[in-house]
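Raw contents of run30.cif, mmCIF, C-alpha atoms:
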data_start
loop_
_atom_site.label_atom_id
_atom_site.label_comp_id
_atom_site.auth_asym_id
_atom_site.auth_seq_id
_atom_site.Cartn_x
_atom_site.Cartn_y
_atom_site.Cartn_z
CA MET A 1052 -76.07 32.14 57.69
CA ARG A 1053 -75.03 35.03 59.88
CA ALA A 1054 -72.43 32.99 61.85
CA PRO A 1055 -70.15 32.18 58.85
CA TYR A 1056 -70.24 35.82 57.70
CA PHE A 1057 -69.48 37.01 61.24
CA SER A 1058 -66.48 34.67 61.52
CA LEU A 1059 -65.20 35.76 58.13
CA ALA A 1060 -65.46 39.41 59.15
CA VAL A 1061 -63.49 38.80 62.36
CA PHE A 1062 -60.76 36.95 60.42
CA ALA A 1063 -60.48 39.76 57.88
CA ASN A 1064 -60.18 42.33 60.67
CA VAL A 1065 -57.35 40.39 62.33
CA VAL A 1066 -55.48 40.09 59.03
CA CYS A 1067 -55.72 43.84 58.45
CA LEU A 1068 -54.35 44.59 61.91
CA CYS A 1069 -51.41 42.22 61.40
CA LEU A 1070 -50.45 43.94 58.16
CA SER A 1071 -49.90 47.16 60.14
CA TYR A 1072 -47.01 45.70 62.17
CA THR A 1073 -43.57 44.35 61.35
CA LEU A 1074 -41.39 42.15 63.54
CA ARG A 1075 -37.83 43.29 64.35
CA SER A 1076 -35.85 41.36 66.90
CA SER A 1077 -38.97 40.33 68.83
CA VAL A 1078 -40.13 44.00 69.18
CA SER A 1079 -43.14 45.26 67.17
CA TRP A 1080 -44.21 48.80 66.44
CA VAL A 1081 -46.67 50.46 64.07
CA VAL A 1082 -45.26 51.39 60.67
CA SER A 1083 -46.71 52.79 57.49
CA SER A 1084 -47.73 50.63 54.59
CA ASN A 1085 -44.73 51.91 52.59
CA ASP A 1086 -42.31 50.75 55.27
CA VAL A 1087 -43.89 47.32 55.25
CA VAL A 1088 -43.42 47.04 51.51
CA GLU A 1089 -39.74 48.07 51.71
CA ASP A 1090 -39.03 45.58 54.47
CA ALA A 1091 -41.14 42.81 53.05
CA ASP A 1092 -38.20 41.16 51.30
CA LEU A 1093 -36.31 40.71 54.60
CA SER A 1094 -37.28 37.62 56.52
CA GLU A 1095 -36.96 37.36 60.29
CA GLU A 1096 -33.93 35.11 59.84
CA GLU A 1097 -32.19 37.87 57.82
CA VAL A 1098 -32.97 40.75 60.18
CA ALA A 1099 -32.30 39.26 63.61
CA PRO A 1100 -28.67 38.12 63.01
CA ALA A 1101 -27.79 41.59 61.76
CA LEU A 1102 -28.66 43.03 65.16
CA LEU A 1103 -26.06 40.80 66.81
CA VAL A 1104 -23.03 42.04 64.84
CA ASP A 1105 -20.92 45.13 65.54
CA GLY A 1106 -21.74 48.63 64.37
CA ALA A 1107 -19.53 48.39 61.30
CA GLY A 1108 -21.36 45.25 60.20
CA LEU A 1109 -24.73 46.94 60.58
CA TRP A 1110 -23.50 49.90 58.56
CA LYS A 1111 -22.27 47.66 55.72
CA GLN A 1112 -25.55 45.71 55.66
CA ALA A 1113 -27.72 48.82 55.68
CA TYR A 1114 -25.55 50.85 53.26
CA PRO A 1115 -23.38 48.67 50.98
CA SER A 1116 -20.19 50.51 50.10
CA SER A 1117 -20.63 49.87 46.36
CA SER A 1118 -23.93 51.74 46.22
CA VAL A 1119 -23.62 54.44 48.89
CA LEU A 1120 -20.07 55.09 50.08
CA GLY A 1121 -18.14 53.88 47.07
CA ASP A 1122 -15.77 50.93 47.03
CA SER A 1123 -12.80 53.01 48.23
CA VAL A 1124 -14.58 54.63 51.21
CA ASP A 1125 -14.28 53.05 54.64
CA SER A 1126 -17.10 52.47 57.11
CA PRO A 1127 -17.54 54.91 60.04
CA ALA A 1128 -15.89 52.45 62.43
CA GLU A 1129 -12.89 52.18 60.14
CA LEU A 1130 -12.72 55.97 59.70
CA VAL A 1131 -12.74 56.46 63.47
CA LYS A 1132 -9.96 53.90 63.85
CA GLN A 1133 -7.87 55.71 61.23
CA GLU A 1134 -8.37 59.01 63.06
CA GLU A 1135 -7.37 57.44 66.38
CA ASP A 1136 -4.27 55.93 64.74
CA ASN A 1137 -3.29 59.34 63.34
CA VAL A 1138 -3.68 60.98 66.76
CA ALA A 1139 -1.69 58.18 68.39
CA GLN A 1140 1.12 58.59 65.87
CA LEU A 1141 1.24 62.34 66.48
CA SER A 1142 1.30 61.86 70.26
CA SER A 1143 3.99 59.22 69.90
CA ARG A 1144 6.24 61.57 67.99
CA LEU A 1145 5.77 64.34 70.55
CA PHE A 1146 5.87 62.51 73.87
CA SER A 1147 7.83 59.32 73.32
CA TYR A 1148 11.07 58.00 71.88
CA ARG A 1149 12.59 54.76 70.77
CA LEU A 1150 13.85 52.82 73.76
CA ASP A 1151 16.98 51.72 71.93
CA LYS A 1152 18.22 55.32 72.13
CA VAL A 1153 18.75 54.88 75.87
CA LYS A 1154 21.49 52.46 76.80
CA LYS A 1155 21.03 50.04 79.64
CA SER A 1156 22.85 50.69 82.88
CA ASN A 1157 25.82 48.46 83.64
CA SER A 1158 25.58 48.96 87.39
CA GLY A 1159 24.20 45.47 88.02
CA GLY A 1160 22.09 44.65 91.06
CA PRO A 1161 21.74 46.72 94.23
CA PRO A 1162 24.58 46.87 96.75
CA PRO A 1163 24.42 45.01 100.09
CA HIS A 1164 21.91 46.70 102.36
CA GLN A 1165 24.60 47.36 104.96
CA ASP A 1166 26.33 49.70 102.51
CA THR A 1167 23.81 52.49 102.97
CA ALA A 1168 25.68 55.30 101.23
CA ARG A 1169 26.28 53.21 98.14
CA THR A 1170 22.68 52.01 98.19
CA ALA A 1171 21.47 55.61 98.25
CA ARG A 1172 23.66 56.52 95.29
CA TYR A 1173 22.54 53.37 93.46
CA ILE A 1174 18.86 54.30 93.81
CA ALA A 1175 19.45 57.96 92.91
CA HIS A 1176 21.38 57.04 89.78
CA ASN A 1177 19.10 54.27 88.52
CA SER A 1178 15.84 56.15 89.03
CA ASP A 1179 14.43 57.90 85.98
CA TRP A 1180 11.67 59.63 87.90
CA GLY A 1181 10.71 60.56 91.43
CA HIS A 1182 8.02 62.12 93.60
CA LEU A 1183 8.75 65.74 94.55
CA ALA A 1184 6.92 67.20 97.56
CA THR A 1185 6.58 70.96 98.03
CA ILE A 1186 4.58 73.36 100.18
CA SER A 1187 1.60 74.33 98.04
CA THR A 1188 0.61 77.82 96.96
CA GLN A 1189 -2.70 76.67 95.48
CA ASP A 1190 -5.67 78.45 97.03
CA LYS A 1191 -7.52 75.45 98.44
CA ILE A 1192 -4.42 73.74 99.86
CA LYS A 1193 -2.16 76.71 100.53
CA GLY A 1194 0.50 75.81 103.08
CA LEU A 1195 -0.18 72.06 102.76
CA PRO A 1196 2.08 69.42 101.18
CA PHE A 1197 1.70 68.86 97.45
CA GLY A 1198 3.34 66.04 95.51
CA ASN A 1199 4.18 65.76 91.84
CA ILE A 1200 6.06 63.36 89.55
CA PHE A 1201 9.20 64.51 87.73
CA SER A 1202 11.68 62.93 85.38
CA VAL A 1203 15.17 63.21 86.85
CA SER A 1204 18.82 62.36 86.28
CA ASP A 1205 22.00 62.54 88.31
CA GLY A 1206 24.08 62.24 85.16
CA PRO A 1207 24.50 60.01 82.11
CA LEU A 1208 24.35 56.29 82.78
CA ASP A 1209 28.16 56.06 82.89
CA ASN A 1210 28.68 59.17 85.03
CA SER A 1211 26.82 59.43 88.33
CA THR A 1212 27.19 62.64 90.36
CA GLY A 1213 24.59 62.18 93.09
CA VAL A 1214 23.20 65.63 92.19
CA ILE A 1215 19.63 65.40 90.94
CA TYR A 1216 18.73 67.49 87.89
CA PHE A 1217 15.28 68.48 86.64
CA TYR A 1218 13.85 69.94 83.44
CA VAL A 1219 10.80 72.01 84.36
CA THR A 1220 8.39 74.65 83.11
CA PRO A 1221 7.07 77.75 84.92
CA MET A 1222 3.58 76.53 83.99
CA ASP A 1223 3.88 73.71 86.54
CA ASN A 1224 2.22 74.17 89.95
CA THR A 1225 5.30 72.74 91.63
CA VAL A 1226 7.54 75.41 90.10
CA THR A 1227 5.14 78.05 91.39
CA ASP A 1228 5.44 76.49 94.84
CA LEU A 1229 9.24 76.55 94.64
CA ARG A 1230 9.27 80.25 93.85
CA SER A 1231 7.48 80.82 97.14
CA ASN A 1232 9.40 78.19 99.14
CA PRO A 1233 12.37 76.52 97.39
CA TYR A 1234 12.70 73.64 99.84
CA ALA A 1235 11.44 70.23 98.76
CA SER A 1236 11.77 66.48 99.30
CA LEU A 1237 12.33 64.02 96.45
CA THR A 1238 11.42 60.35 97.03
CA PHE A 1239 12.57 57.33 95.03
CA SER A 1240 11.53 53.70 95.37
CA GLU A 1241 13.52 50.65 94.38
CA ALA A 1242 10.17 49.30 93.16
CA GLU A 1243 10.73 51.33 89.99
CA GLY A 1244 13.23 48.72 88.86
CA GLU A 1245 13.08 44.95 88.57
CA PHE A 1246 14.72 43.96 91.87
CA CYS A 1247 11.64 44.17 94.11
CA ARG A 1248 9.51 42.35 91.56
CA GLN A 1249 12.05 39.58 91.24
CA MET A 1250 12.27 39.24 95.02
CA MET A 1251 8.47 39.57 95.34
CA TYR A 1252 8.86 42.51 97.71
CA ASP A 1253 5.88 44.81 98.11
CA PRO A 1254 6.83 48.49 97.56
CA GLU A 1255 6.16 49.12 101.26
CA ASP A 1256 8.37 46.22 102.34
CA PRO A 1257 11.44 47.74 104.09
CA ARG A 1258 13.66 45.47 102.02
CA CYS A 1259 12.42 47.26 98.90
CA ALA A 1260 14.58 50.32 99.49
CA ARG A 1261 13.24 53.86 99.43
CA LEU A 1262 15.26 57.06 99.40
CA THR A 1263 14.18 60.60 100.25
CA LEU A 1264 16.47 63.51 99.40
CA THR A 1265 15.59 66.81 101.04
CA GLY A 1266 17.10 70.12 100.07
CA LYS A 1267 16.77 73.40 98.22
CA MET A 1268 15.71 73.55 94.58
CA VAL A 1269 17.82 76.04 92.59
CA GLU A 1270 18.16 76.94 88.95
CA VAL A 1271 21.22 75.49 87.27
CA SER A 1272 23.98 78.05 86.73
CA PRO A 1273 25.29 78.80 83.20
CA GLU A 1274 28.59 77.05 84.04
CA GLU A 1275 26.74 73.83 84.86
CA LEU A 1276 24.12 74.04 82.12
CA ALA A 1277 25.96 71.90 79.54
CA PHE A 1278 26.26 68.98 81.96
CA ALA A 1279 22.62 69.35 83.09
CA LYS A 1280 21.51 69.09 79.45
CA GLU A 1281 23.63 66.00 78.91
CA ALA A 1282 22.37 64.44 82.13
CA MET A 1283 18.69 64.97 81.32
CA PHE A 1284 18.62 64.57 77.54
CA SER A 1285 20.74 61.41 77.52
CA ARG A 1286 18.29 59.74 79.88
CA HIS A 1287 15.12 61.39 78.51
CA PRO A 1288 15.67 62.08 74.78
CA VAL A 1289 12.03 63.01 74.20
CA MET A 1290 12.57 66.22 76.18
CA THR A 1291 14.39 67.74 73.22
CA LYS A 1292 11.07 67.70 71.32
CA TRP A 1293 8.94 69.33 74.00
CA PRO A 1294 7.24 72.64 73.06
CA VAL A 1295 9.67 75.55 73.44
CA GLY A 1296 6.77 77.84 74.25
CA HIS A 1297 6.61 76.29 77.71
CA LYS A 1298 9.94 77.96 78.54
CA TRP A 1299 11.63 74.89 79.97
CA PHE A 1300 14.66 75.35 82.19
CA PHE A 1301 16.97 73.24 84.36
CA MET A 1302 16.95 72.97 88.15
CA LYS A 1303 18.82 70.85 90.65
CA LEU A 1304 18.40 69.80 94.27
CA GLU A 1305 21.03 71.08 96.70
CA LEU A 1306 20.97 68.42 99.40
CA ILE A 1307 20.43 68.98 103.11
CA GLN A 1308 19.51 65.44 104.19
CA VAL A 1309 19.69 61.91 102.78
CA TRP A 1310 17.12 59.53 104.29
CA LEU A 1311 17.19 55.84 103.45
CA GLN A 1312 15.29 52.73 104.43
CA ASP A 1313 16.64 49.58 102.82
CA TRP A 1314 16.13 46.93 105.52
CA VAL A 1315 14.04 46.08 108.54
CA GLY A 1316 14.87 47.61 111.90
CA GLY A 1317 15.05 51.34 111.23
CA VAL A 1318 16.22 53.99 108.79
CA SER A 1319 19.56 55.58 107.98
CA LEU A 1320 20.46 59.27 107.84
CA ILE A 1321 23.50 59.28 105.60
CA PRO A 1322 26.07 62.09 105.99
CA LEU A 1323 26.36 64.13 102.82
CA GLU A 1324 30.11 63.51 102.68
CA ASP A 1325 29.57 59.74 102.68
CA TYR A 1326 26.81 60.05 100.09
CA PHE A 1327 28.96 61.97 97.61
CA LYS A 1328 32.02 59.76 98.17
CA ALA A 1329 30.08 56.57 97.40
CA THR A 1330 29.63 55.18 93.91
CA PRO A 1331 26.62 53.33 92.48
CA PHE A 1332 28.76 51.15 90.20
#
Would you put the structure from the file into structure tokens?
Amino acid sequence: MRAPYFSLAVFANVVCLCLSYTLRSSVSWVVSSNDVVEDADLSEEEVAPALLVDGAGLWKQAYPSSSVLGDSVDSPAELVKQEEDNVAQLSSRLFSYRLDKVKKSNSGGPPPHQDTARTARYIAHNSDWGHLATISTQDKIKGLPFGNIFSVSDGPLDNSTGVIYFYVTPMDNTVTDLRSNPYASLTFSEAEGEFCRQMMYDPEDPRCARLTLTGKMVEVSPEELAFAKEAMFSRHPVMTKWPVGHKWFFMKLELIQVWLQDWVGGVSLIPLEDYFKATPF
């Protein structure tokens, strides 16, 4: 008679232990009896799929909007998305502009590579930005080269001068460098446009022309200020919305040397007179 009672006791003990656990996505842990009662109406088939959906889905399943958040309140994922959209809209208004405000250039394709002066003017006029190298004043790299990207313009799209204008702030490290040593080199690449992509030229391919203008960076004089504004703001309209507290001002590059590589077999040093006489159109 003892064997049946012993077996019954073992079975009862096992049942009691099982009631102290609940299964969630194949992982078990000890929970209180109250937790078991609250979760008892959820079968394994109902719980496991919920763990495979995104965070917003889990939130909606755990806290239905009608009973917790209210029908008009979004889930956390949706609230985060709205916040990101608001930030993006603010950034867009401050740092971007509609592309249809900038007219397309009518200069056509690049000149023949043999026409080096015209090629140099073509690249200078059709480049919206370039890489400016200065001698650094920063503590860790003082006296070493330092490069930075700047938006540039040599005039409105229908009026090329060959003189490169800048709109800069004293807060920029490069401007600090120029106050110590005003000489700099500005490099353009034809890879900025569509020509090299269409021809499948790598940016380092000599046939994908590159131009380096070296000279002295100076502040634009009051007599030239109106044209500098037109040159920069017609090509970069967003600049008119930049924070005035940054004390923006106009500079230009007074050329000393024009260096060009637009074909295999060497580079060209273009006389300044030839450079300014040429036209990019």
Expected selection from the PyMOL selection byres ((chain A and resi 1286) around 8), given as a short mmCIF file (atom, residue, chain, number, x, y, z; two decimals) with C-alpha atoms, in the frame of the given file:
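So out.cif came out as:
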data_model
loop_
_atom_site.label_atom_id
_atom_site.label_comp_id
_atom_site.auth_asym_id
_atom_site.auth_seq_id
_atom_site.Cartn_x
_atom_site.Cartn_y
_atom_site.Cartn_z
CA VAL A 1153 18.75 54.88 75.87
CA ASP A 1179 14.43 57.90 85.98
CA SER A 1204 18.82 62.36 86.28
CA PRO A 1207 24.50 60.01 82.11
CA LEU A 1208 24.35 56.29 82.78
CA ALA A 1282 22.37 64.44 82.13
CA MET A 1283 18.69 64.97 81.32
CA PHE A 1284 18.62 64.57 77.54
CA SER A 1285 20.74 61.41 77.52
CA HIS A 1287 15.12 61.39 78.51
CA PRO A 1288 15.67 62.08 74.78
#
Mind giving me the straight-line distance from CA of Pro1233 in chain A to CA of Gly1266 in chain A in Å, one decimal? 8.4 Å
Report, in Å with one decimal, the straight-line distance from CA of Val1295 in chain A to CA of Phe1217 in chain A.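 Pair CA of Val1295 in chain A / CA of Phe1217 in chain A returns 16.0 Å.
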Explicit residues for the PyMOL selection byres ((chain A and resi 1160) around 12) (as a list in words):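 Matching residues under the PyMOL selection byres ((chain A and resi 1160) around 12) are Ser1156, Asn1157, Ser1158, Gly1159, Pro1161, Pro1162, Pro1163, His1164, Arg1169, Thr1170, Tyr1173, Ile1174, Asn1177, Glu1241, Gly1244, Glu1245, Phe1246, Cys1247, Gln1249, Met1250, Pro1331 and Phe1332 of chain A.
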Find the distance between CA of Tyr1252 in chain A and CA of Leu1311 in chain A and write it in Å to one decimal.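 Pair CA of Tyr1252 in chain A / CA of Leu1311 in chain A returns 16.7 Å.
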Taking the file as shown, find all residues satisfying the PyMOL selection byres ((chain A and resi 1231) around 12) and write them as a ChimeraX atom specification. /A:1185-1189,1193-1194,1224-1230,1232-1235,1267-1268
Kindly output range 1200-1211 of chain A as a PDB file, keeping the file's coordinate frame, after building all heavy atoms.
ATOM      1  N   ILE A1200       5.081  64.266  90.154  1.00  0.00           N
ATOM      2  CA  ILE A1200       6.060  63.360  89.550  1.00  0.00           C
ATOM      3  C   ILE A1200       6.942  64.120  88.572  1.00  0.00           C
ATOM      4  O   ILE A1200       6.447  64.900  87.755  1.00  0.00           O
ATOM      5  CB  ILE A1200       5.350  62.205  88.822  1.00  0.00           C
ATOM      6  CG1 ILE A1200       4.522  61.377  89.802  1.00  0.00           C
ATOM      7  CG2 ILE A1200       6.357  61.329  88.095  1.00  0.00           C
ATOM      8  CD1 ILE A1200       5.346  60.681  90.862  1.00  0.00           C
ATOM      9  N   PHE A1201       8.261  63.868  88.643  1.00  0.00           N
ATOM     10  CA  PHE A1201       9.200  64.510  87.730  1.00  0.00           C
ATOM     11  C   PHE A1201      10.206  63.495  87.206  1.00  0.00           C
ATOM     12  O   PHE A1201      10.660  62.609  87.940  1.00  0.00           O
ATOM     13  CB  PHE A1201       9.959  65.644  88.435  1.00  0.00           C
ATOM     14  CG  PHE A1201       9.135  66.883  88.648  1.00  0.00           C
ATOM     15  CD1 PHE A1201       8.422  67.062  89.815  1.00  0.00           C
ATOM     16  CD2 PHE A1201       9.075  67.856  87.660  1.00  0.00           C
ATOM     17  CE1 PHE A1201       7.654  68.198  90.005  1.00  0.00           C
ATOM     18  CE2 PHE A1201       8.306  68.998  87.842  1.00  0.00           C
ATOM     19  CZ  PHE A1201       7.599  69.175  89.018  1.00  0.00           C
ATOM     20  N   SER A1202      10.564  63.660  85.934  1.00  0.00           N
ATOM     21  CA  SER A1202      11.680  62.930  85.380  1.00  0.00           C
ATOM     22  C   SER A1202      12.974  63.557  85.898  1.00  0.00           C
ATOM     23  O   SER A1202      13.071  64.784  86.003  1.00  0.00           O
ATOM     24  CB  SER A1202      11.652  62.984  83.854  1.00  0.00           C
ATOM     25  OG  SER A1202      10.494  62.363  83.354  1.00  0.00           O
ATOM     26  N   VAL A1203      13.946  62.718  86.222  1.00  0.00           N
ATOM     27  CA  VAL A1203      15.170  63.210  86.850  1.00  0.00           C
ATOM     28  C   VAL A1203      16.383  62.498  86.277  1.00  0.00           C
ATOM     29  O   VAL A1203      16.269  61.506  85.544  1.00  0.00           O
ATOM     30  CB  VAL A1203      15.137  63.012  88.386  1.00  0.00           C
ATOM     31  CG1 VAL A1203      13.994  63.780  89.021  1.00  0.00           C
ATOM     32  CG2 VAL A1203      15.045  61.519  88.719  1.00  0.00           C
ATOM     33  N   SER A1204      17.560  63.004  86.642  1.00  0.00           N
ATOM     34  CA  SER A1204      18.820  62.360  86.280  1.00  0.00           C
ATOM     35  C   SER A1204      19.916  62.933  87.163  1.00  0.00           C
ATOM     36  O   SER A1204      19.929  64.133  87.439  1.00  0.00           O
ATOM     37  CB  SER A1204      19.147  62.601  84.811  1.00  0.00           C
ATOM     38  OG  SER A1204      20.440  62.130  84.506  1.00  0.00           O
ATOM     39  N   ASP A1205      20.824  62.054  87.591  1.00  0.00           N
ATOM     40  CA  ASP A1205      22.000  62.540  88.310  1.00  0.00           C
ATOM     41  C   ASP A1205      23.236  62.467  87.419  1.00  0.00           C
ATOM     42  O   ASP A1205      24.359  62.573  87.888  1.00  0.00           O
ATOM     43  CB  ASP A1205      22.223  61.757  89.612  1.00  0.00           C
ATOM     44  CG  ASP A1205      22.935  60.441  89.399  1.00  0.00           C
ATOM     45  OD1 ASP A1205      22.739  59.813  88.328  1.00  0.00           O
ATOM     46  OD2 ASP A1205      23.696  60.021  90.297  1.00  0.00           O
ATOM     47  N   GLY A1206      22.997  62.306  86.123  1.00  0.00           N
ATOM     48  CA  GLY A1206      24.080  62.240  85.160  1.00  0.00           C
ATOM     49  C   GLY A1206      23.828  61.141  84.147  1.00  0.00           C
ATOM     50  O   GLY A1206      22.925  60.316  84.309  1.00  0.00           O
ATOM     51  N   PRO A1207      24.611  61.114  83.067  1.00  0.00           N
ATOM     52  CA  PRO A1207      24.500  60.010  82.110  1.00  0.00           C
ATOM     53  C   PRO A1207      24.716  58.672  82.803  1.00  0.00           C
ATOM     54  O   PRO A1207      25.255  58.610  83.911  1.00  0.00           O
ATOM     55  CB  PRO A1207      25.630  60.313  81.107  1.00  0.00           C
ATOM     56  CG  PRO A1207      25.900  61.775  81.259  1.00  0.00           C
ATOM     57  CD  PRO A1207      25.633  62.101  82.690  1.00  0.00           C
ATOM     58  N   LEU A1208      24.301  57.604  82.148  1.00  0.00           N
ATOM     59  CA  LEU A1208      24.350  56.290  82.780  1.00  0.00           C
ATOM     60  C   LEU A1208      25.756  55.896  83.221  1.00  0.00           C
ATOM     61  O   LEU A1208      25.919  55.157  84.191  1.00  0.00           O
ATOM     62  CB  LEU A1208      23.786  55.233  81.826  1.00  0.00           C
ATOM     63  CG  LEU A1208      22.267  55.238  81.666  1.00  0.00           C
ATOM     64  CD1 LEU A1208      21.834  54.227  80.622  1.00  0.00           C
ATOM     65  CD2 LEU A1208      21.581  54.952  82.993  1.00  0.00           C
ATOM     66  N   ASP A1209      26.786  56.420  82.537  1.00  0.00           N
ATOM     67  CA  ASP A1209      28.160  56.060  82.890  1.00  0.00           C
ATOM     68  C   ASP A1209      28.853  57.108  83.743  1.00  0.00           C
ATOM     69  O   ASP A1209      30.060  57.056  83.956  1.00  0.00           O
ATOM     70  CB  ASP A1209      28.982  55.798  81.624  1.00  0.00           C
ATOM     71  CG  ASP A1209      29.041  57.025  80.721  1.00  0.00           C
ATOM     72  OD1 ASP A1209      28.323  58.014  81.005  1.00  0.00           O
ATOM     73  OD2 ASP A1209      29.795  56.994  79.728  1.00  0.00           O
ATOM     74  N   ASN A1210      28.071  58.082  84.255  1.00  0.00           N
ATOM     75  CA  ASN A1210      28.680  59.170  85.030  1.00  0.00           C
ATOM     76  C   ASN A1210      27.700  59.666  86.086  1.00  0.00           C
ATOM     77  O   ASN A1210      26.945  60.608  85.859  1.00  0.00           O
ATOM     78  CB  ASN A1210      29.112  60.307  84.109  1.00  0.00           C
ATOM     79  CG  ASN A1210      29.819  61.414  84.859  1.00  0.00           C
ATOM     80  OD1 ASN A1210      30.212  61.258  86.012  1.00  0.00           O
ATOM     81  ND2 ASN A1210      29.987  62.550  84.201  1.00  0.00           N
ATOM     82  N   SER A1211      27.715  59.047  87.241  1.00  0.00           N
ATOM     83  CA  SER A1211      26.820  59.430  88.330  1.00  0.00           C
ATOM     84  C   SER A1211      27.459  60.507  89.197  1.00  0.00           C
ATOM     85  O   SER A1211      28.621  60.394  89.596  1.00  0.00           O
ATOM     86  CB  SER A1211      26.497  58.202  89.193  1.00  0.00           C
ATOM     87  OG  SER A1211      25.829  58.571  90.372  1.00  0.00           O
TER      88      SER A1211
END
